[in-house]
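my_file18.cif follows (mmCIF, C-alpha atoms):
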data_model
#
loop_
_atom_site.label_atom_id
_atom_site.label_comp_id
_atom_site.auth_asym_id
_atom_site.auth_seq_id
_atom_site.Cartn_x
_atom_site.Cartn_y
_atom_site.Cartn_z
CA MET A 302 259.40 -8.28 -64.20
CA LEU A 303 261.14 -7.88 -67.52
CA VAL A 304 262.29 -4.30 -67.99
CA VAL A 305 263.04 -3.02 -71.51
CA THR A 306 263.97 0.47 -72.67
CA ARG A 307 262.31 1.61 -75.90
CA LYS A 308 262.46 4.85 -77.83
CA LYS A 309 259.58 6.58 -79.60
CA ASP A 310 258.17 4.50 -82.47
CA GLU A 311 259.98 1.37 -81.31
CA LYS A 312 258.00 -1.81 -80.68
CA LEU A 313 257.80 -4.90 -78.53
CA ILE A 314 256.28 -8.20 -79.53
CA ILE A 315 254.69 -10.57 -77.02
CA GLY A 316 254.24 -14.12 -78.23
CA ASN A 317 253.73 -14.19 -81.99
CA GLU A 318 250.72 -11.97 -82.16
CA ILE A 319 250.78 -9.04 -79.76
CA GLU A 320 252.65 -5.90 -80.79
CA ILE A 321 253.10 -2.87 -78.58
CA GLN A 322 254.46 0.37 -80.00
CA VAL A 323 255.51 3.55 -78.21
CA LEU A 324 253.65 6.24 -80.13
CA ARG A 325 254.40 9.32 -78.07
CA ILE A 326 256.36 10.16 -74.96
CA GLY A 327 255.05 13.03 -72.87
CA ARG A 328 256.25 14.57 -69.62
CA ASP A 329 254.55 12.09 -67.33
CA ASN A 330 252.73 9.76 -69.69
CA VAL A 331 253.36 7.60 -72.70
CA ARG A 332 250.98 6.76 -75.51
CA LEU A 333 251.04 3.14 -76.58
CA GLY A 334 249.61 1.40 -79.61
CA ILE A 335 248.66 -2.25 -79.23
CA LYS A 336 248.03 -4.69 -82.03
CA ALA A 337 246.48 -7.97 -80.92
CA PRO A 338 244.04 -10.62 -82.21
CA ALA A 339 240.37 -9.82 -81.64
CA HIS A 340 239.93 -12.52 -78.98
CA ILE A 341 242.52 -10.87 -76.71
CA SER A 342 240.85 -8.43 -74.34
CA ILE A 343 242.82 -5.31 -73.52
CA TYR A 344 241.77 -3.07 -70.63
CA ARG A 345 243.27 -0.36 -68.51
CA TYR A 346 244.42 -2.15 -65.40
CA GLU A 347 242.45 -0.06 -62.89
CA ILE A 348 239.19 -0.70 -64.78
CA TYR A 349 239.87 -4.43 -64.84
CA GLU A 350 240.54 -4.32 -61.08
CA ALA A 351 237.29 -2.47 -60.40
CA ILE A 352 235.30 -5.08 -62.34
CA LYS A 353 237.12 -7.90 -60.61
CA ASN A 354 236.34 -6.44 -57.17
CA GLU A 355 232.72 -6.03 -58.13
CA ASN A 356 232.51 -9.66 -59.28
CA VAL A 357 234.06 -10.83 -56.03
CA SER A 358 231.66 -8.78 -53.94
CA ALA A 359 228.73 -10.12 -55.99
CA VAL A 360 229.76 -13.72 -55.42
CA THR A 361 230.23 -13.21 -51.69
CA SER A 362 226.91 -11.46 -51.23
CA GLN A 363 223.94 -13.55 -50.34
CA ILE A 364 220.97 -14.66 -52.25
CA PRO A 365 218.30 -12.53 -50.64
CA ASP A 366 215.06 -13.83 -49.22
CA LYS A 367 211.95 -14.01 -51.32
CA GLU A 368 210.33 -10.86 -49.93
CA THR A 369 213.36 -8.72 -50.74
CA LEU A 370 213.53 -10.19 -54.23
CA GLU A 371 209.86 -9.49 -54.80
CA LYS A 372 210.15 -5.93 -53.55
CA ILE A 373 213.10 -5.29 -55.83
CA SER A 374 211.64 -6.97 -58.88
CA LYS A 375 208.47 -4.91 -58.47
CA GLY A 376 210.63 -1.80 -58.44
CA ILE A 377 212.23 -2.89 -61.69
CA LYS A 378 208.95 -3.67 -63.39
CA ALA A 379 207.57 -0.31 -62.37
CA GLU A 380 210.23 1.40 -64.49
CA MET B 843 232.05 -29.70 -30.35
CA TRP B 844 232.52 -27.06 -33.04
CA SER B 845 233.25 -24.38 -30.51
CA SER B 846 235.67 -22.53 -32.73
CA GLY B 847 233.98 -20.13 -35.10
CA ALA B 848 236.68 -20.70 -37.67
CA LEU B 849 236.17 -24.41 -37.55
CA SER B 850 232.47 -24.23 -38.00
CA THR B 851 232.92 -21.84 -40.89
CA ALA B 852 235.32 -24.32 -42.41
CA LEU B 853 232.80 -27.06 -41.87
CA SER B 854 230.04 -25.17 -43.55
CA SER B 855 232.40 -24.42 -46.42
CA LEU B 856 233.12 -28.11 -46.77
CA MET B 857 229.48 -28.96 -46.74
CA ALA B 858 228.80 -26.25 -49.27
CA ASN B 859 231.18 -27.98 -51.65
CA GLN B 860 229.01 -31.00 -51.66
CA LEU B 861 225.61 -29.46 -51.40
CA ALA B 862 224.86 -26.49 -53.55
CA LEU B 863 221.33 -26.67 -52.33
CA SER B 864 222.35 -26.26 -48.74
CA VAL B 865 224.27 -23.17 -49.76
CA ALA B 866 221.07 -21.75 -51.09
CA SER B 867 219.03 -22.67 -48.08
CA ASN B 868 221.70 -21.39 -45.67
CA ASN B 869 221.57 -18.11 -47.50
CA ILE B 870 217.82 -18.05 -47.35
CA ALA B 871 217.81 -18.96 -43.68
CA ASN B 872 220.20 -16.17 -42.80
CA ALA B 873 218.71 -13.62 -45.08
CA GLY B 874 215.94 -12.86 -42.61
CA ASP B 875 218.52 -11.45 -40.23
CA PRO B 876 218.98 -7.76 -41.06
CA ASN B 877 222.65 -7.98 -40.11
CA CYS B 878 223.21 -10.70 -42.62
CA THR B 879 222.22 -9.16 -45.90
CA ARG B 880 225.77 -8.56 -47.10
CA ARG B 881 227.63 -10.83 -44.72
CA ARG B 882 230.23 -13.04 -46.22
CA LEU B 883 228.84 -16.50 -45.84
CA VAL B 884 229.62 -19.78 -47.46
CA THR B 885 230.05 -18.30 -50.88
CA ALA B 886 233.65 -17.30 -51.52
CA PRO B 887 235.96 -17.50 -54.49
CA ALA B 888 237.96 -20.70 -54.15
CA GLY B 889 241.49 -20.26 -52.91
CA SER B 890 240.84 -17.05 -51.06
CA ASP B 891 239.61 -18.60 -47.89
CA ASP B 892 242.32 -19.44 -45.40
CA GLU B 893 240.01 -21.34 -43.13
CA ARG B 894 238.95 -23.58 -45.92
CA ARG B 895 242.53 -24.20 -46.92
CA ARG B 896 243.39 -25.26 -43.39
CA ALA B 897 240.46 -27.61 -43.35
CA GLU B 898 241.41 -29.18 -46.66
CA PRO B 899 245.16 -29.64 -46.80
CA THR B 900 245.34 -30.20 -50.54
CA THR B 901 246.92 -28.29 -53.36
CA ALA B 902 244.71 -25.84 -55.19
CA ALA B 903 244.86 -27.98 -58.33
CA SER B 904 243.90 -31.24 -56.70
CA ASP B 905 241.31 -29.40 -54.68
CA ALA B 906 239.77 -28.00 -57.84
CA ARG B 907 239.89 -31.41 -59.48
CA ARG B 908 238.29 -33.09 -56.51
CA ARG B 909 235.60 -30.45 -56.34
CA ARG B 910 234.94 -30.90 -60.00
CA GLU B 911 234.77 -34.68 -59.67
CA SER B 912 232.53 -34.42 -56.70
CA LEU B 913 230.28 -32.05 -58.57
CA ALA B 914 230.27 -34.25 -61.63
CA ALA B 915 229.39 -37.22 -59.47
CA ASN B 916 226.78 -35.24 -57.66
CA ASP B 917 225.50 -33.53 -60.76
CA LEU B 918 222.57 -35.80 -60.64
CA GLY B 919 221.76 -34.59 -57.18
CA LEU B 920 222.34 -30.91 -57.73
CA PHE B 921 220.75 -29.19 -60.62
CA GLU B 922 217.73 -29.39 -62.79
CA VAL B 923 218.84 -28.48 -66.28
CA THR B 924 216.08 -28.82 -68.76
CA PRO B 925 216.44 -27.13 -72.10
CA GLN B 926 213.18 -25.34 -72.62
CA GLY B 927 213.27 -25.59 -76.37
CA GLY B 928 213.27 -22.57 -78.59
CA ASP B 929 216.08 -20.12 -78.25
CA VAL B 930 216.70 -20.00 -74.57
CA LYS B 931 218.03 -23.07 -72.86
CA ALA B 932 217.82 -21.81 -69.33
CA MET B 933 217.53 -23.83 -66.18
CA GLN B 934 213.96 -24.52 -65.47
CA ALA B 935 214.06 -24.90 -61.77
CA TYR B 936 215.88 -23.41 -58.87
CA ASP B 937 213.92 -24.92 -56.08
CA TYR B 938 215.64 -24.82 -52.72
CA ARG B 939 213.65 -27.70 -51.37
CA ALA B 940 213.56 -30.10 -54.25
CA GLN B 941 216.36 -32.38 -55.30
CA LEU B 942 217.54 -31.05 -58.62
CA LYS B 943 219.19 -32.94 -61.37
CA LEU B 944 221.54 -32.13 -64.18
CA LYS B 945 219.87 -33.93 -67.02
CA SER B 946 221.71 -32.59 -69.98
CA GLN B 947 225.10 -31.20 -70.89
CA ASP B 948 223.29 -28.90 -73.30
CA ALA B 949 222.61 -26.37 -70.59
CA ILE B 950 226.27 -25.72 -69.81
CA ILE B 951 227.46 -22.28 -70.87
CA HIS B 952 231.19 -22.15 -71.46
CA PHE B 953 233.04 -18.93 -70.62
CA ASP B 954 236.40 -19.44 -72.30
CA GLU B 955 238.11 -16.71 -70.27
CA GLY B 956 236.01 -17.31 -67.19
CA LEU B 957 234.55 -14.24 -65.53
CA ILE B 958 236.88 -11.36 -64.67
CA GLY B 959 238.70 -12.38 -61.50
CA PHE B 960 237.36 -15.91 -61.82
CA SER B 961 239.37 -17.13 -64.78
CA GLU B 962 239.56 -20.70 -63.50
CA PHE B 963 235.77 -21.10 -63.43
CA LYS B 964 234.65 -21.56 -67.00
CA ASP B 965 231.50 -23.67 -67.05
CA TYR B 966 228.20 -22.33 -65.76
CA VAL B 967 224.52 -23.09 -65.84
CA LEU B 968 221.84 -20.44 -65.76
CA MET B 969 219.17 -21.32 -63.23
CA GLU B 970 215.78 -19.71 -63.03
CA SER B 971 212.61 -20.15 -61.06
CA GLU B 972 209.50 -18.20 -60.27
CA SER B 973 210.70 -17.39 -56.78
CA LEU B 974 213.89 -15.92 -58.19
CA ALA B 975 212.41 -14.09 -61.17
CA PRO B 976 213.28 -11.75 -62.79
CA PHE B 977 216.72 -12.64 -61.50
CA ARG B 978 218.55 -15.80 -62.44
CA LEU B 979 221.45 -17.56 -60.86
CA LEU B 980 224.55 -18.14 -62.94
CA GLN B 981 226.05 -21.09 -61.10
CA SER B 982 229.58 -22.40 -61.66
CA LEU B 983 229.84 -26.13 -62.17
CA ASP B 984 233.40 -26.06 -60.87
CA SER B 985 232.49 -24.76 -57.45
CA ALA B 986 229.18 -24.67 -55.66
CA LYS B 987 230.42 -21.51 -53.97
CA VAL B 988 230.74 -19.52 -57.17
CA GLY B 989 227.36 -18.27 -58.28
CA PHE B 990 226.18 -14.89 -59.47
CA LEU B 991 222.74 -13.40 -59.31
CA VAL B 992 222.12 -11.91 -62.76
CA LEU B 993 219.47 -9.86 -64.51
CA GLU B 994 218.78 -9.36 -68.17
CA ALA B 995 220.32 -5.96 -68.88
CA ALA B 996 217.61 -4.82 -71.27
CA SER B 997 214.95 -5.19 -68.59
CA VAL B 998 216.44 -2.14 -66.88
CA ILE B 999 218.07 -0.24 -69.76
CA HIS B 1000 215.87 -0.88 -72.75
CA ASN B 1001 218.40 0.03 -75.43
CA TYR B 1002 221.23 -1.76 -73.67
CA TYR B 1003 222.08 -4.01 -76.59
CA GLU B 1004 222.80 -0.96 -78.70
CA LEU B 1005 225.37 0.18 -76.15
CA VAL B 1006 227.44 -2.96 -76.73
CA PRO B 1007 229.75 -2.44 -79.72
CA PRO B 1008 228.99 -4.74 -82.68
CA ARG B 1009 232.51 -6.20 -82.60
CA GLU B 1010 231.82 -7.56 -79.09
CA TRP B 1011 228.73 -9.40 -80.30
CA GLU B 1012 230.69 -10.65 -83.30
CA SER B 1013 233.49 -11.92 -81.08
CA LEU B 1014 230.92 -14.34 -79.67
CA GLY B 1015 229.59 -15.20 -83.10
CA ILE B 1016 226.30 -13.35 -82.57
CA LYS B 1017 225.34 -11.88 -85.90
CA ASP B 1018 221.58 -12.02 -85.64
CA LYS B 1019 220.75 -8.80 -83.85
CA ALA B 1020 217.25 -10.05 -83.23
CA LYS B 1021 218.54 -12.37 -80.52
CA PRO B 1022 221.13 -10.53 -78.50
CA LEU B 1023 221.46 -11.49 -74.89
CA ALA B 1024 223.26 -9.70 -72.11
CA PHE B 1025 223.07 -10.19 -68.38
CA VAL B 1026 224.42 -7.97 -65.64
CA ILE B 1027 225.64 -9.24 -62.29
CA VAL B 1028 223.59 -7.76 -59.48
CA VAL B 1029 224.25 -7.10 -55.83
CA ILE B 1030 221.03 -7.01 -53.84
CA GLY B 1031 220.86 -4.45 -51.06
CA SER B 1032 218.21 -3.95 -48.41
CA SER B 1033 215.97 -2.00 -50.76
CA PRO B 1034 215.47 -1.63 -54.51
CA GLN B 1035 217.37 1.67 -54.36
CA ALA B 1036 220.32 -0.02 -52.66
CA SER B 1037 220.47 -2.80 -55.23
CA THR B 1038 222.88 -2.39 -58.07
CA GLY B 1039 223.87 -4.04 -61.31
CA ASN B 1040 227.25 -4.03 -62.98
CA PHE B 1041 226.18 -2.45 -66.24
CA GLN B 1042 229.75 -1.64 -67.20
CA ALA B 1043 230.77 -5.30 -67.45
CA PRO B 1044 227.91 -7.35 -68.90
CA LEU B 1045 227.93 -11.05 -69.61
CA LEU B 1046 227.22 -11.66 -73.27
CA ILE B 1047 225.82 -15.06 -74.11
CA ASN B 1048 225.45 -16.87 -77.41
CA TYR B 1049 222.70 -19.37 -76.64
CA GLU B 1050 223.09 -21.22 -79.90
CA ARG B 1051 226.70 -22.08 -79.23
CA MET B 1052 226.32 -21.95 -75.45
CA ILE B 1053 229.33 -19.71 -74.98
CA GLY B 1054 229.64 -16.56 -72.96
CA LYS B 1055 232.02 -13.75 -72.18
CA GLN B 1056 232.25 -10.94 -69.68
CA MET B 1057 233.28 -7.76 -71.42
CA ILE B 1058 233.96 -4.22 -70.24
CA LEU B 1059 232.17 -1.26 -71.82
CA THR B 1060 234.90 1.31 -71.36
CA ASP B 1061 233.43 4.47 -72.83
CA SER B 1062 229.77 3.85 -72.07
CA GLY B 1063 229.42 6.06 -69.02
CA LEU B 1064 227.74 3.10 -67.32
CA SER B 1065 228.65 2.23 -63.77
CA VAL B 1066 229.74 -0.98 -62.09
CA ARG B 1067 227.16 -0.08 -59.42
CA GLN B 1068 224.23 1.23 -61.38
CA PRO B 1069 221.04 1.27 -59.26
CA LEU B 1070 218.40 -1.12 -60.55
CA THR B 1071 215.59 1.37 -60.02
#

Before we go any further, please render this structure as structure tokens.
Amino acid sequence: MLVVTRKKDEKLIIGNEIEIQVLRIGRDNVRLGIKAPAHISIYRYEIYEAIKNENVSAVTSQIPDKETLEKISKGIKAE
Amino acid sequence: MWSSGALSTALSSLMANQLALSVASNNIANAGDPNCTRRRLVTAPAGSDDERRRAEPTTAASDARRRRESLAANDLGLFEVTPQGGDVKAMQAYDYRAQLKLKSQDAIIHFDEGLIGFSEFKDYVLMESESLAPFRLLQSLDSAKVGFLVLEAASVIHNYYELVPPREWESLGIKDKAKPLAFVIVVIGSSPQASTGNFQAPLLINYERMIGKQMILTDSGLSVRQPLT
């Protein structure tokens, strides 16, 4: 891991397009500003992990039998 | 002969690579068993299964390539992809018994970033059938083992499209708000109440350009395990 020390208002650039700026330094948190092209997705890591785990559990779950599907789709239609 | 459980799992994994249909029918066959509803079966993200790796002593890259080639070669034996005309080019058939064929490249939806956690799987087809409705199966063309049961988000949350920020639609080139399309990945439990959809991370699809993206709605208050009913 590359480790860099930055002061308030100082920036990093990643590649040619992604800029990260230290906006504020608190007691136990920092506030960062990120400038990146629209096609780059930026998420808090723990949220990304939660979605990833959910995707994995969806892919490893089974396709249910027809009766279960019917029961569930009826429930949805009844909404 | 296949006395070892690990070995027979590996075998079924191998077979699953070649026969997407047998994956489906295995799932169906086991689904009757109440202990099996959430059991990890032949579907697994590639590369995470040690047993499979032992059974196929190849590098991940060559493995992926071979799988892809084998799927491409077997395309004609795997999927029925028939553009329905009109706006939605969904798979017409997901029939476990019939031999299905991939007739057209038009039905392939390209996810440039893959799905979250599945970045190496980029090309999918959306399969539908009466027996599966209202759900559809988003099946990876790179691996028969990667498939997601999905549901149109607006069928559960009627104003769902409004919850997706306009810039997300625009990032996919969807400007016509009359034809938005978002699916959520579902996990089916034993009952409707135990079945959930990931409404926080929908799949947005542009059917005109056949591209898709999984995005995260961070401030929506929606859950990754929102009950379907």

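Close to (229.3, -10.2, -70.0), meaning no more than 6 Å away when counting all atoms listed in the file, sit the residues Ala1043, Pro1044, Leu1045, Leu1046, Lys1055, Gln1056 and Met1057 of chain B.
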
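The spacing separating CA of Asp965 in chain B from CA of His952 in chain B amounts to 4.7 Å.
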
Can you tell me how far CA of Gly1031 in chain B sits from CA of Asn1048 in chain B, in Å to one decimal?
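For CA of Gly1031 in chain B relative to CA of Asn1048 in chain B, the distance reads 29.5 Å.
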
Compile the contact shell of Asn354 in chain A as a list of chain:residue names: residues with an atom at most 12 Å away, counting all atoms listed in the file, same-chain residues fewer than 6 positions apart removed.
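Here the answer would be A:Glu347, A:Ile348, A:Val360, A:Thr361, B:Pro887, B:Leu957, B:Ile958, B:Gly959, B:Phe960, B:Asn1040, B:Ala1043, B:Val1066, B:Arg1067.
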
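The spacing separating CA of Pro976 in chain B from CA of Glu994 in chain B amounts to 8.1 Å.
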
Give me the result of the PyMOL selection byres ((chain A and resi 336) around 7) on this file, residue by residue, as a ChimeraX atom specification.
/A:319-321,334-335,337

Since I can't run it myself right now, could you work out what the PyMOL selection byres ((chain A and resi 345) around 12) selects here and report it as a list in words?
Leu333, Ser342, Ile343, Tyr344, Tyr346, Glu347, Ile348, Tyr349, Glu350, Ala351 and Ile352 of chain A; Ile1058, Leu1059, Thr1060 and Asp1061 of chain B

Result set, the PyMOL selection byres ((chain A and resi 324-326) around 10) on current file, as number ranges by chain:
A: 308-312, 321-323, 327-335

Nearest residue to Leu1070 in chain B out of B:Leu974, B:Ile1047, B:Met1052, B:Ala995, using all atoms listed in the file?
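Checking each candidate against Leu1070 in chain B, we get B:Ala995 as the closest.
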
Just checking: using all atoms listed in the file, which residue out of B:Gln1035, B:Asn1001, B:Gln1068, B:Ser985 ends up closest to chain A?
B:Gln1035

Here is a test: counting all atoms listed in the file, which residue of A:Asn317, A:Lys353, A:Lys375, A:Pro338 is nearest to chain B?
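Answer, going by the shortest atom-to-atom distance: A:Lys353.
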